[in-house]
Amino acid sequence: MATVHNSAPKGSIAKLVIVTGDPERCKLFAEMYLENRKLLSQVRGIYCYTGTYKGVEITFMGHGMGQGSMGIYSYELMAPMFYDADFVIRLGSCGGLNQKTRIRDIVVVEKIRTNSNYGELLHIPHNKGETVQVNPELVELAHKCAKDLNISLQSTTNWSQDNFYIPLSHMELGEHTGCDTVEMESYALEVNSRYLKKKALTILTVVNETRTDTGWSSLKWQEREQTLGDMFLLGLEVLVQYSKLNPN
């Protein structure tokens, strides 16, 4: 059934889904990569398309910013009473928190730490300092696909926070959290996948960094919206290979 956030009819969402925060980025890459695509929803400016890639049915959808927004869209995508998707991959942007990552590096989130209590009312509480382990088979599949595509990929421990503006530099935040990267959505996606017993993975491109020698640098918003093609190719290939390993 359609929801107040997504007008796509039930049954029109694929079992395999890519979500990305920026709706314009969703539109751009859906039009670039999906064949036979159909625009199913643009409620609140959040685009949702279903089409095929290498013969595999895939849905692209935006999810907005923050745990709450990701929580709504990914819950509806995976919940059996709504769209019942099996596997949702977030393709998004992140900040680098230490010397391990540089601008345009592509990373797969292997572990998550957070200050969010998103899971509390879903009876998946999070204790301060606890590290959430992402499905290792999916992380391994991402690395295999990256190798096949000749795309450099590294695993990171990601800080998935509630706050965008904080009185800490990226480097200070890295020291405070012990994490390599930072964004605001992977934790809610992981909680929903566990609650609904579905699969989830987060693959990110580093768009800003703190360097001790040159200060802070960042991709412009246009670059964040219009580039990141290798990340989308990798996400699509993960879904294609997953579909081969898990045929209906």
# chains A, B, ... in the order shown; residues from 1 in each chain; ligands from 1
>>> residues_around(residues="A:Gly235", least_positions_apart="5", cutoff="10 Å", atoms="only C-alpha atoms", output="list in words")
Val17, Ile18, Val19, Val88, Ile89, Arg90, Leu91, Ala142, Cys145, Ala146, Leu201, Thr202, Ile203, Leu204, Gly229, Asp230 and Val240 of chain A
>>> write_last_selection(atoms="all heavy atoms", output="compact mmCIF listing (two decimals), in the first residue's frame")
# COMPACT_ATOMS: atom_id res chain seq x y z
N VAL A 17 16.98 -2.55 -3.26
CA VAL A 17 16.77 -1.10 -3.26
C VAL A 17 18.08 -0.36 -2.98
O VAL A 17 18.87 -0.78 -2.12
CB VAL A 17 15.72 -0.70 -2.20
CG1 VAL A 17 15.52 0.82 -2.19
CG2 VAL A 17 14.39 -1.41 -2.44
N ILE A 18 18.28 0.74 -3.70
CA ILE A 18 19.34 1.69 -3.39
C ILE A 18 18.68 2.96 -2.89
O ILE A 18 17.75 3.48 -3.52
CB ILE A 18 20.21 1.99 -4.62
CG1 ILE A 18 21.19 0.84 -4.87
CG2 ILE A 18 20.97 3.31 -4.45
CD1 ILE A 18 21.99 0.96 -6.14
N VAL A 19 19.13 3.46 -1.74
CA VAL A 19 18.65 4.74 -1.24
C VAL A 19 19.82 5.70 -1.13
O VAL A 19 20.96 5.31 -0.87
CB VAL A 19 17.94 4.61 0.14
CG1 VAL A 19 16.66 3.81 0.02
CG2 VAL A 19 18.86 4.00 1.19
N VAL A 88 18.40 -3.30 1.34
CA VAL A 88 18.51 -1.87 1.07
C VAL A 88 19.96 -1.44 1.27
O VAL A 88 20.54 -1.66 2.33
CB VAL A 88 17.59 -1.05 1.99
CG1 VAL A 88 17.78 0.45 1.74
CG2 VAL A 88 16.12 -1.43 1.78
N ILE A 89 20.52 -0.81 0.25
CA ILE A 89 21.88 -0.26 0.33
C ILE A 89 21.80 1.26 0.34
O ILE A 89 21.19 1.87 -0.54
CB ILE A 89 22.76 -0.70 -0.85
CG1 ILE A 89 22.95 -2.21 -0.87
CG2 ILE A 89 24.13 -0.01 -0.78
CD1 ILE A 89 23.84 -2.70 -2.01
N ARG A 90 22.38 1.87 1.35
CA ARG A 90 22.53 3.33 1.36
C ARG A 90 23.81 3.70 0.64
O ARG A 90 24.90 3.20 0.97
CB ARG A 90 22.56 3.86 2.79
CG ARG A 90 23.15 5.28 2.90
CD ARG A 90 22.84 5.94 4.22
NE ARG A 90 23.82 6.94 4.60
CZ ARG A 90 24.02 8.13 4.02
NH1 ARG A 90 23.30 8.47 2.97
NH2 ARG A 90 24.94 8.97 4.46
N LEU A 91 23.70 4.57 -0.35
CA LEU A 91 24.85 5.15 -1.03
C LEU A 91 24.85 6.64 -0.72
O LEU A 91 23.93 7.36 -1.13
CB LEU A 91 24.76 4.92 -2.54
CG LEU A 91 24.70 3.46 -3.00
CD1 LEU A 91 24.58 3.39 -4.52
CD2 LEU A 91 25.94 2.69 -2.54
N ALA A 142 30.73 -6.64 -0.84
CA ALA A 142 31.08 -5.33 -1.36
C ALA A 142 32.55 -5.28 -1.77
O ALA A 142 32.89 -4.73 -2.84
CB ALA A 142 30.78 -4.25 -0.32
N CYS A 145 33.00 -7.25 -5.06
CA CYS A 145 32.50 -6.51 -6.21
C CYS A 145 33.42 -5.35 -6.55
O CYS A 145 33.66 -5.05 -7.73
CB CYS A 145 31.09 -6.01 -5.94
SG CYS A 145 29.84 -7.31 -5.85
N ALA A 146 33.95 -4.69 -5.54
CA ALA A 146 34.88 -3.58 -5.77
C ALA A 146 36.14 -4.06 -6.48
O ALA A 146 36.63 -3.42 -7.42
CB ALA A 146 35.24 -2.91 -4.45
N LEU A 201 23.11 -2.36 4.06
CA LEU A 201 24.53 -2.07 3.91
C LEU A 201 24.67 -0.58 3.60
O LEU A 201 23.80 0.00 2.94
CB LEU A 201 25.13 -2.90 2.77
CG LEU A 201 26.65 -2.86 2.59
CD1 LEU A 201 27.35 -3.51 3.78
CD2 LEU A 201 27.06 -3.56 1.30
N THR A 202 25.75 0.02 4.07
CA THR A 202 26.04 1.42 3.78
C THR A 202 27.39 1.54 3.10
O THR A 202 28.40 1.08 3.63
CB THR A 202 26.02 2.27 5.06
OG1 THR A 202 24.69 2.29 5.60
CG2 THR A 202 26.43 3.70 4.77
N ILE A 203 27.38 2.16 1.92
CA ILE A 203 28.60 2.46 1.18
C ILE A 203 28.64 3.97 0.98
O ILE A 203 27.64 4.58 0.58
CB ILE A 203 28.63 1.73 -0.18
CG1 ILE A 203 28.60 0.21 0.03
CG2 ILE A 203 29.86 2.13 -0.98
CD1 ILE A 203 28.47 -0.59 -1.25
N LEU A 204 29.78 4.59 1.27
CA LEU A 204 29.87 6.04 1.31
C LEU A 204 31.07 6.54 0.52
O LEU A 204 32.07 5.84 0.37
CB LEU A 204 30.02 6.52 2.76
CG LEU A 204 28.95 6.06 3.75
CD1 LEU A 204 29.40 6.32 5.18
CD2 LEU A 204 27.62 6.73 3.45
N GLY A 229 29.90 8.58 -9.18
CA GLY A 229 29.44 7.51 -10.06
C GLY A 229 30.00 6.14 -9.72
O GLY A 229 29.29 5.14 -9.82
N ASP A 230 31.28 6.07 -9.32
CA ASP A 230 31.86 4.77 -8.98
C ASP A 230 31.13 4.13 -7.81
O ASP A 230 30.94 2.90 -7.78
CB ASP A 230 33.34 4.92 -8.64
CG ASP A 230 34.23 5.03 -9.87
OD1 ASP A 230 33.70 4.89 -11.00
OD2 ASP A 230 35.43 5.29 -9.71
N VAL A 240 23.33 -6.85 -7.91
CA VAL A 240 23.30 -7.87 -8.98
C VAL A 240 23.90 -9.17 -8.48
O VAL A 240 23.32 -10.27 -8.68
CB VAL A 240 24.06 -7.37 -10.22
CG1 VAL A 240 24.29 -8.50 -11.22
CG2 VAL A 240 23.28 -6.23 -10.89
>>> select_by_dssp(residues="stretch 2-248 of chain A", states="strand (DSSP E or B)", output="PyMOL selection string")
chain A and resi 16-20+35-41+48-53+56-62+87-96+106-114+132-133+154-160+181-183+199-211+215-218
>>> residues_around(residues="A:Phe60", least_positions_apart="5", cutoff="8 Å", atoms="only C-alpha atoms", output="PyMOL selection string")
chain A and resi 17-20+26+30+47-50
>>> residues_around(residues="A:Asp180", least_positions_apart="3", cutoff="9 Å", atoms="only C-alpha atoms", output="MDAnalysis selection string")
chainID A and resid 95:101 156:159 174 177
>>> write_last_selection(atoms="C-alpha atoms", output="mmCIF file, in the first residue's frame")
data_model
loop_
_atom_site.group_PDB
_atom_site.id
_atom_site.type_symbol
_atom_site.label_atom_id
_atom_site.label_comp_id
_atom_site.auth_asym_id
_atom_site.auth_seq_id
_atom_site.Cartn_x
_atom_site.Cartn_y
_atom_site.Cartn_z
ATOM 1 C CA GLY A 95 33.274 13.087 6.370
ATOM 2 C CA GLY A 96 36.719 11.689 7.006
ATOM 3 C CA LEU A 97 37.787 11.795 10.656
ATOM 4 C CA ASN A 98 41.422 10.761 10.454
ATOM 5 C CA GLN A 99 44.369 10.229 8.117
ATOM 6 C CA LYS A 100 42.942 6.881 6.958
ATOM 7 C CA THR A 101 40.457 8.502 4.565
ATOM 8 C CA THR A 156 35.530 1.816 8.197
ATOM 9 C CA THR A 157 34.137 2.219 11.656
ATOM 10 C CA ASN A 158 31.524 4.920 11.125
ATOM 11 C CA TRP A 159 30.179 7.469 13.612
ATOM 12 C CA GLY A 174 37.590 11.191 15.327
ATOM 13 C CA THR A 177 34.665 8.543 18.932
#
>>> closest_residue(among="A:Met65, A:Leu122, A:Leu234, A:Val191", to="A:Leu149", atoms="only C-alpha atoms")
A:Leu234
>>> closest_residue(among="A:Gly62, A:Gly119, A:Gly71, A:Gly45", to="A:Arg25", atoms="only C-alpha atoms")
A:Gly62
>>> atom_distance(atom1="atom CA of A:Met78", atom2="atom CA of A:Ser193")
7.4 Å
>>> atom_distance(atom1="atom CA of A:Met70", atom2="atom CA of A:Ser41")
16.4 Å
>>> closest_residue(among="A:Tyr75, A:Val4, A:Lys197, A:Lys27", to="A:Arg44", atoms="only C-alpha atoms")
A:Val4
>>> residues_around(residues="A:Asp105", least_positions_apart="5", cutoff="9 Å", atoms="only C-alpha atoms", output="number ranges by chain")
A: 152-154, 204-207
>>> select_by_dssp(residues="stretch 4-237 of chain A", states="alpha helix (DSSP H)", output="number ranges by chain")
A: 23-33, 66-78, 136-149, 170-177, 186-195, 221-226, 229-237
>>> atom_distance(atom1="atom CA of A:Val108", atom2="atom CA of A:Val139")
6.8 Å
>>> decode(residues="stretch 157-189 of chain A", atoms="N, CA, C and O atoms", output="PDB file, in the first residue's frame")
ATOM      1  N   THR A 157      35.035   2.063  10.516  1.00  0.00           N
ATOM      2  CA  THR A 157      34.137   2.219  11.656  1.00  0.00           C
ATOM      3  C   THR A 157      33.537   3.608  11.535  1.00  0.00           C
ATOM      4  O   THR A 157      34.262   4.602  11.491  1.00  0.00           O
ATOM      5  N   ASN A 158      32.210   3.674  11.449  1.00  0.00           N
ATOM      6  CA  ASN A 158      31.524   4.920  11.125  1.00  0.00           C
ATOM      7  C   ASN A 158      30.785   5.473  12.343  1.00  0.00           C
ATOM      8  O   ASN A 158      30.089   4.743  13.048  1.00  0.00           O
ATOM      9  N   TRP A 159      30.928   6.775  12.574  1.00  0.00           N
ATOM     10  CA  TRP A 159      30.179   7.469  13.612  1.00  0.00           C
ATOM     11  C   TRP A 159      28.903   8.013  12.981  1.00  0.00           C
ATOM     12  O   TRP A 159      28.939   8.878  12.115  1.00  0.00           O
ATOM     13  N   SER A 160      27.760   7.481  13.385  1.00  0.00           N
ATOM     14  CA  SER A 160      26.465   7.865  12.813  1.00  0.00           C
ATOM     15  C   SER A 160      25.724   8.697  13.845  1.00  0.00           C
ATOM     16  O   SER A 160      25.080   8.164  14.749  1.00  0.00           O
ATOM     17  N   GLN A 161      25.803  10.023  13.703  1.00  0.00           N
ATOM     18  CA  GLN A 161      25.371  10.895  14.787  1.00  0.00           C
ATOM     19  C   GLN A 161      24.032  11.569  14.499  1.00  0.00           C
ATOM     20  O   GLN A 161      23.562  11.597  13.366  1.00  0.00           O
ATOM     21  N   ASP A 162      23.431  12.105  15.551  1.00  0.00           N
ATOM     22  CA  ASP A 162      22.195  12.870  15.427  1.00  0.00           C
ATOM     23  C   ASP A 162      22.455  14.326  15.050  1.00  0.00           C
ATOM     24  O   ASP A 162      21.616  14.959  14.421  1.00  0.00           O
ATOM     25  N   ASN A 163      23.587  14.867  15.459  1.00  0.00           N
ATOM     26  CA  ASN A 163      23.865  16.288  15.311  1.00  0.00           C
ATOM     27  C   ASN A 163      24.706  16.545  14.069  1.00  0.00           C
ATOM     28  O   ASN A 163      25.727  15.881  13.872  1.00  0.00           O
ATOM     29  N   PHE A 164      24.316  17.544  13.270  1.00  0.00           N
ATOM     30  CA  PHE A 164      25.195  17.974  12.177  1.00  0.00           C
ATOM     31  C   PHE A 164      26.197  19.004  12.681  1.00  0.00           C
ATOM     32  O   PHE A 164      27.381  18.904  12.419  1.00  0.00           O
ATOM     33  N   TYR A 165      25.717  19.991  13.423  1.00  0.00           N
ATOM     34  CA  TYR A 165      26.592  21.048  13.935  1.00  0.00           C
ATOM     35  C   TYR A 165      26.993  20.735  15.377  1.00  0.00           C
ATOM     36  O   TYR A 165      26.139  20.610  16.255  1.00  0.00           O
ATOM     37  N   ILE A 166      28.296  20.603  15.598  1.00  0.00           N
ATOM     38  CA  ILE A 166      28.828  20.313  16.927  1.00  0.00           C
ATOM     39  C   ILE A 166      30.104  21.129  17.129  1.00  0.00           C
ATOM     40  O   ILE A 166      30.763  21.504  16.151  1.00  0.00           O
ATOM     41  N   PRO A 167      30.494  21.401  18.379  1.00  0.00           N
ATOM     42  CA  PRO A 167      31.692  22.212  18.638  1.00  0.00           C
ATOM     43  C   PRO A 167      32.976  21.391  18.618  1.00  0.00           C
ATOM     44  O   PRO A 167      33.846  21.541  19.486  1.00  0.00           O
ATOM     45  N   LEU A 168      33.110  20.513  17.643  1.00  0.00           N
ATOM     46  CA  LEU A 168      34.314  19.700  17.490  1.00  0.00           C
ATOM     47  C   LEU A 168      34.714  19.709  16.021  1.00  0.00           C
ATOM     48  O   LEU A 168      33.858  19.645  15.135  1.00  0.00           O
ATOM     49  N   SER A 169      35.993  19.754  15.744  1.00  0.00           N
ATOM     50  CA  SER A 169      36.474  19.571  14.375  1.00  0.00           C
ATOM     51  C   SER A 169      36.357  18.101  14.003  1.00  0.00           C
ATOM     52  O   SER A 169      36.153  17.231  14.863  1.00  0.00           O
ATOM     53  N   HIS A 170      36.496  17.808  12.724  1.00  0.00           N
ATOM     54  CA  HIS A 170      36.473  16.403  12.298  1.00  0.00           C
ATOM     55  C   HIS A 170      37.556  15.602  13.023  1.00  0.00           C
ATOM     56  O   HIS A 170      37.321  14.470  13.446  1.00  0.00           O
ATOM     57  N   MET A 171      38.734  16.184  13.141  1.00  0.00           N
ATOM     58  CA  MET A 171      39.825  15.461  13.792  1.00  0.00           C
ATOM     59  C   MET A 171      39.503  15.216  15.266  1.00  0.00           C
ATOM     60  O   MET A 171      39.744  14.130  15.796  1.00  0.00           O
ATOM     61  N   GLU A 172      38.958  16.235  15.946  1.00  0.00           N
ATOM     62  CA  GLU A 172      38.575  16.077  17.351  1.00  0.00           C
ATOM     63  C   GLU A 172      37.472  15.038  17.507  1.00  0.00           C
ATOM     64  O   GLU A 172      37.470  14.248  18.458  1.00  0.00           O
ATOM     65  N   LEU A 173      36.515  15.019  16.562  1.00  0.00           N
ATOM     66  CA  LEU A 173      35.443  14.038  16.620  1.00  0.00           C
ATOM     67  C   LEU A 173      35.990  12.632  16.421  1.00  0.00           C
ATOM     68  O   LEU A 173      35.555  11.686  17.092  1.00  0.00           O
ATOM     69  N   GLY A 174      36.960  12.493  15.520  1.00  0.00           N
ATOM     70  CA  GLY A 174      37.590  11.191  15.327  1.00  0.00           C
ATOM     71  C   GLY A 174      38.273  10.702  16.593  1.00  0.00           C
ATOM     72  O   GLY A 174      38.170   9.531  16.959  1.00  0.00           O
ATOM     73  N   GLU A 175      38.957  11.597  17.277  1.00  0.00           N
ATOM     74  CA  GLU A 175      39.629  11.229  18.529  1.00  0.00           C
ATOM     75  C   GLU A 175      38.609  10.892  19.614  1.00  0.00           C
ATOM     76  O   GLU A 175      38.800   9.966  20.404  1.00  0.00           O
ATOM     77  N   HIS A 176      37.506  11.632  19.636  1.00  0.00           N
ATOM     78  CA  HIS A 176      36.469  11.429  20.655  1.00  0.00           C
ATOM     79  C   HIS A 176      35.740  10.111  20.466  1.00  0.00           C
ATOM     80  O   HIS A 176      35.406   9.428  21.445  1.00  0.00           O
ATOM     81  N   THR A 177      35.489   9.730  19.217  1.00  0.00           N
ATOM     82  CA  THR A 177      34.665   8.543  18.932  1.00  0.00           C
ATOM     83  C   THR A 177      35.465   7.304  18.574  1.00  0.00           C
ATOM     84  O   THR A 177      34.942   6.188  18.644  1.00  0.00           O
ATOM     85  N   GLY A 178      36.703   7.483  18.154  1.00  0.00           N
ATOM     86  CA  GLY A 178      37.488   6.345  17.682  1.00  0.00           C
ATOM     87  C   GLY A 178      37.033   5.839  16.332  1.00  0.00           C
ATOM     88  O   GLY A 178      37.291   4.678  15.979  1.00  0.00           O
ATOM     89  N   CYS A 179      36.386   6.703  15.551  1.00  0.00           N
ATOM     90  CA  CYS A 179      35.840   6.300  14.253  1.00  0.00           C
ATOM     91  C   CYS A 179      36.622   6.923  13.102  1.00  0.00           C
ATOM     92  O   CYS A 179      37.348   7.898  13.270  1.00  0.00           O
ATOM     93  N   ASP A 180      36.429   6.340  11.915  1.00  0.00           N
ATOM     94  CA  ASP A 180      37.131   6.789  10.712  1.00  0.00           C
ATOM     95  C   ASP A 180      36.319   7.771   9.884  1.00  0.00           C
ATOM     96  O   ASP A 180      36.878   8.625   9.195  1.00  0.00           O
ATOM     97  N   THR A 181      34.993   7.627   9.909  1.00  0.00           N
ATOM     98  CA  THR A 181      34.109   8.433   9.081  1.00  0.00           C
ATOM     99  C   THR A 181      32.894   8.854   9.900  1.00  0.00           C
ATOM    100  O   THR A 181      32.611   8.279  10.949  1.00  0.00           O
ATOM    101  N   VAL A 182      32.142   9.850   9.375  1.00  0.00           N
ATOM    102  CA  VAL A 182      30.960  10.334  10.072  1.00  0.00           C
ATOM    103  C   VAL A 182      29.853  10.635   9.075  1.00  0.00           C
ATOM    104  O   VAL A 182      30.091  11.190   8.001  1.00  0.00           O
ATOM    105  N   GLU A 183      28.636  10.269   9.414  1.00  0.00           N
ATOM    106  CA  GLU A 183      27.426  10.650   8.691  1.00  0.00           C
ATOM    107  C   GLU A 183      26.262  10.541   9.660  1.00  0.00           C
ATOM    108  O   GLU A 183      26.472  10.424  10.865  1.00  0.00           O
ATOM    109  N   MET A 184      25.006  10.550   9.163  1.00  0.00           N
ATOM    110  CA  MET A 184      23.868  10.692  10.061  1.00  0.00           C
ATOM    111  C   MET A 184      22.726   9.708   9.794  1.00  0.00           C
ATOM    112  O   MET A 184      21.622   9.922  10.278  1.00  0.00           O
ATOM    113  N   GLU A 185      22.977   8.637   9.037  1.00  0.00           N
ATOM    114  CA  GLU A 185      21.855   7.778   8.649  1.00  0.00           C
ATOM    115  C   GLU A 185      22.081   6.276   8.793  1.00  0.00           C
ATOM    116  O   GLU A 185      21.119   5.513   8.872  1.00  0.00           O
ATOM    117  N   SER A 186      23.315   5.808   8.783  1.00  0.00           N
ATOM    118  CA  SER A 186      23.556   4.364   8.717  1.00  0.00           C
ATOM    119  C   SER A 186      22.999   3.614   9.920  1.00  0.00           C
ATOM    120  O   SER A 186      22.585   2.452   9.803  1.00  0.00           O
ATOM    121  N   TYR A 187      22.980   4.265  11.087  1.00  0.00           N
ATOM    122  CA  TYR A 187      22.494   3.568  12.279  1.00  0.00           C
ATOM    123  C   TYR A 187      20.998   3.271  12.186  1.00  0.00           C
ATOM    124  O   TYR A 187      20.557   2.157  12.488  1.00  0.00           O
ATOM    125  N   ALA A 188      20.200   4.245  11.764  1.00  0.00           N
ATOM    126  CA  ALA A 188      18.758   4.009  11.633  1.00  0.00           C
ATOM    127  C   ALA A 188      18.476   2.919  10.610  1.00  0.00           C
ATOM    128  O   ALA A 188      17.593   2.071  10.817  1.00  0.00           O
ATOM    129  N   LEU A 189      19.215   2.902   9.510  1.00  0.00           N
ATOM    130  CA  LEU A 189      19.040   1.852   8.499  1.00  0.00           C
ATOM    131  C   LEU A 189      19.365   0.489   9.093  1.00  0.00           C
ATOM    132  O   LEU A 189      18.620  -0.483   8.889  1.00  0.00           O
TER     133      LEU A 189
END
